[in-house]
Amino acid sequence: MIDSVPMTRDGYNKIKAEINRLENEELPKITEKIAEARAEGDLKENAEYHAQRENQGMMMAKINELKDKIARASIVDPSQLPKDEVVFGCTVTVEDVAYGDEEQFTLVGAGEEDYDSGKILVTSPFGQGLIGKKVGETAEVEVPAGKLQFKILKIEFVG
């Protein structure tokens, strides 16, 4: 089964722009470097040629991964979602039950994640553990070290 990738219109546009940049700016640079390395002669012992071919392969893999996300994109309009539970696009404040720490996360779609600023993928195990919970409820999230419990303190929709 092909899982859809939830994202906002902005996230979709961001990924499309990245694909365009990679295909029209980065890939031609690598192709040019391959041609220069090929012109140097014997390809068997040409480290630059082999390095650029490897770069080209990795760039194509990244482009294909992004195209796959776009192909499976499911554009979500956060204004149509319930406001009293943890859903895509909301900012949720939680308390770590074990340590009493308060943390804030925004559940975002592909292309919008930024873990340093608390923007986590709604499709991540952590995001999935929070989905559907209401203020006062406790979410259990499976992690490699065991189960973490988070009490939902506040749900906000920051436009």
# chains A, B, ... in the order shown; residues from 1 in each chain; ligands from 1
$ closest_atom_pairs --of "segment 32-127 of chain A" --to "segment 11-23 of chain A" --cutoff "6 Å" --atoms "only C-alpha atoms" --output "tab-separated table"
residue	atom	partner	partner_atom	distance
A:Ile63	CA	A:Ile19	CA	5.9
A:Gly111	CA	A:Gly11	CA	4.9
A:Glu112	CA	A:Gly11	CA	5.5
$ write_last_selection --atoms "N, CA and C atoms" --output "PDB file, in the first residue's frame"
ATOM      1  N   ILE A  63      16.626  13.426  -5.783  1.00  0.00           N
ATOM      2  CA  ILE A  63      15.559  13.942  -6.650  1.00  0.00           C
ATOM      3  C   ILE A  63      14.405  12.942  -6.707  1.00  0.00           C
ATOM      4  N   GLY A 111       8.602  18.369   3.987  1.00  0.00           N
ATOM      5  CA  GLY A 111       9.133  19.604   3.432  1.00  0.00           C
ATOM      6  C   GLY A 111       9.128  20.760   4.412  1.00  0.00           C
ATOM      7  N   GLU A 112       8.435  20.593   5.542  1.00  0.00           N
ATOM      8  CA  GLU A 112       8.337  21.680   6.509  1.00  0.00           C
ATOM      9  C   GLU A 112       9.000  21.348   7.842  1.00  0.00           C
TER      10      GLU A 112
END
$ residues_around --residues "Gly129 of chain A" --least-positions-apart "2" --cutoff "10 Å" --atoms "only C-alpha atoms" --output "compact mmCIF listing (two decimals) with N, CA and C atoms, in the first residue's frame"
# COMPACT_ATOMS: atom_id res chain seq x y z
N VAL A 86 -5.30 17.03 18.97
CA VAL A 86 -4.02 17.14 18.28
C VAL A 86 -4.21 16.64 16.84
N VAL A 122 4.27 14.92 11.07
CA VAL A 122 3.04 14.31 11.59
C VAL A 122 3.09 12.80 11.38
N THR A 123 3.86 12.34 10.40
CA THR A 123 3.96 10.91 10.10
C THR A 123 5.02 10.20 10.94
N SER A 124 5.78 10.95 11.74
CA SER A 124 6.81 10.34 12.59
C SER A 124 6.13 9.55 13.71
N PRO A 125 6.82 8.60 14.31
CA PRO A 125 6.21 7.85 15.42
C PRO A 125 5.75 8.79 16.55
N PHE A 126 6.53 9.82 16.83
CA PHE A 126 6.16 10.77 17.88
C PHE A 126 4.89 11.52 17.49
N GLY A 127 4.86 12.00 16.25
CA GLY A 127 3.67 12.71 15.76
C GLY A 127 2.44 11.83 15.79
N ILE A 131 -1.35 12.34 17.77
CA ILE A 131 -2.56 12.58 16.96
C ILE A 131 -3.81 12.08 17.67
N GLY A 132 -4.84 12.92 17.65
CA GLY A 132 -6.14 12.52 18.20
C GLY A 132 -6.31 12.76 19.69
N LYS A 133 -5.24 13.10 20.38
CA LYS A 133 -5.34 13.33 21.82
C LYS A 133 -5.92 14.72 22.10
N THR A 138 -3.21 11.66 28.08
CA THR A 138 -1.79 11.29 28.04
C THR A 138 -1.54 10.45 26.80
N ALA A 139 -0.51 10.83 26.08
CA ALA A 139 -0.11 10.09 24.87
C ALA A 139 1.07 9.20 25.22
N GLU A 140 1.05 7.97 24.73
CA GLU A 140 2.17 7.06 24.90
C GLU A 140 2.87 6.93 23.57
N VAL A 141 4.18 7.15 23.57
CA VAL A 141 4.96 7.09 22.35
C VAL A 141 6.03 6.02 22.49
N GLU A 142 6.01 5.06 21.56
CA GLU A 142 7.02 4.00 21.55
C GLU A 142 8.32 4.55 20.99
N LEU A 148 7.42 6.38 26.19
CA LEU A 148 7.43 7.70 26.83
C LEU A 148 5.99 8.15 26.96
N GLN A 149 5.67 8.86 28.04
CA GLN A 149 4.32 9.37 28.23
C GLN A 149 4.35 10.89 28.28
N PHE A 150 3.42 11.48 27.54
CA PHE A 150 3.31 12.94 27.48
C PHE A 150 1.87 13.35 27.75
$ atom_distance --atom1 "atom CA of Arg72 of chain A" --atom2 "atom CA of Asp10 of chain A"
15.5 Å
$ closest_residue --among "A:Ala39, A:Met58, A:Ala98, A:Met7" --to "Lys147 of chain A" --atoms "only C-alpha atoms"
A:Ala98
$ residues_around --residues "segment 75-77 of chain A" --least-positions-apart "4" --cutoff "7 Å" --atoms "only C-alpha atoms" --output "mmCIF file with N, CA and C atoms, in the first residue's frame"
data_model
loop_
_atom_site.group_PDB
_atom_site.id
_atom_site.type_symbol
_atom_site.label_atom_id
_atom_site.label_comp_id
_atom_site.auth_asym_id
_atom_site.auth_seq_id
_atom_site.Cartn_x
_atom_site.Cartn_y
_atom_site.Cartn_z
ATOM 1 N N PRO A 6 1.071 13.596 4.103
ATOM 2 C CA PRO A 6 0.330 14.825 4.352
ATOM 3 C C PRO A 6 1.258 16.036 4.341
ATOM 4 N N MET A 7 0.807 17.103 3.714
ATOM 5 C CA MET A 7 1.577 18.342 3.697
ATOM 6 C C MET A 7 0.668 19.507 3.353
ATOM 7 N N THR A 8 1.115 20.679 3.719
ATOM 8 C CA THR A 8 0.361 21.880 3.357
ATOM 9 C C THR A 8 0.749 22.270 1.936
ATOM 10 N N ARG A 9 0.025 23.214 1.393
ATOM 11 C CA ARG A 9 0.352 23.715 0.064
ATOM 12 C C ARG A 9 1.766 24.319 0.071
#
$ closest_residue --among "A:Gly57, A:Gly89, A:Gly41, A:Pro82" --to "Val158 of chain A" --atoms "only C-alpha atoms"
A:Gly89
$ atom_distance --atom1 "atom CA of Pro78 of chain A" --atom2 "atom CA of Thr106 of chain A"
12.2 Å
$ select_by_dssp --residues "segment 7-159 of chain A" --states "strand (DSSP E)" --output "JSON, numbers by chain"
{"A": [7, 73, 74, 75, 91, 92, 93, 94, 95, 96, 102, 103, 104, 105, 106, 107, 108, 119, 120, 121, 138, 139, 140, 141, 142, 143, 146, 147, 148, 149, 150, 151, 152, 153, 154, 155, 156]}
$ decode --residues "segment 57-77 of chain A" --atoms "C-alpha atoms" --output "PDB file, in the first residue's frame"
ATOM      1  CA  GLY A  57      23.941   8.946  -8.465  1.00  0.00           C
ATOM      2  CA  MET A  58      23.323  10.420  -5.012  1.00  0.00           C
ATOM      3  CA  MET A  59      21.769  13.563  -6.528  1.00  0.00           C
ATOM      4  CA  MET A  60      19.422  11.450  -8.664  1.00  0.00           C
ATOM      5  CA  ALA A  61      18.436   9.407  -5.604  1.00  0.00           C
ATOM      6  CA  LYS A  62      17.567  12.606  -3.702  1.00  0.00           C
ATOM      7  CA  ILE A  63      15.559  13.942  -6.650  1.00  0.00           C
ATOM      8  CA  ASN A  64      13.677  10.637  -6.950  1.00  0.00           C
ATOM      9  CA  GLU A  65      12.934  10.624  -3.203  1.00  0.00           C
ATOM     10  CA  LEU A  66      11.491  14.149  -3.418  1.00  0.00           C
ATOM     11  CA  LYS A  67       9.471  13.257  -6.538  1.00  0.00           C
ATOM     12  CA  ASP A  68       8.077  10.249  -4.656  1.00  0.00           C
ATOM     13  CA  LYS A  69       6.909  12.528  -1.810  1.00  0.00           C
ATOM     14  CA  ILE A  70       5.236  14.827  -4.335  1.00  0.00           C
ATOM     15  CA  ALA A  71       3.562  11.881  -6.067  1.00  0.00           C
ATOM     16  CA  ARG A  72       2.130  10.674  -2.745  1.00  0.00           C
ATOM     17  CA  ALA A  73       1.292  14.168  -1.471  1.00  0.00           C
ATOM     18  CA  SER A  74      -1.998  14.692   0.265  1.00  0.00           C
ATOM     19  CA  ILE A  75      -2.608  18.439   0.583  1.00  0.00           C
ATOM     20  CA  VAL A  76      -4.193  19.208   3.950  1.00  0.00           C
ATOM     21  CA  ASP A  77      -6.071  22.401   4.746  1.00  0.00           C
TER      22      ASP A  77
END
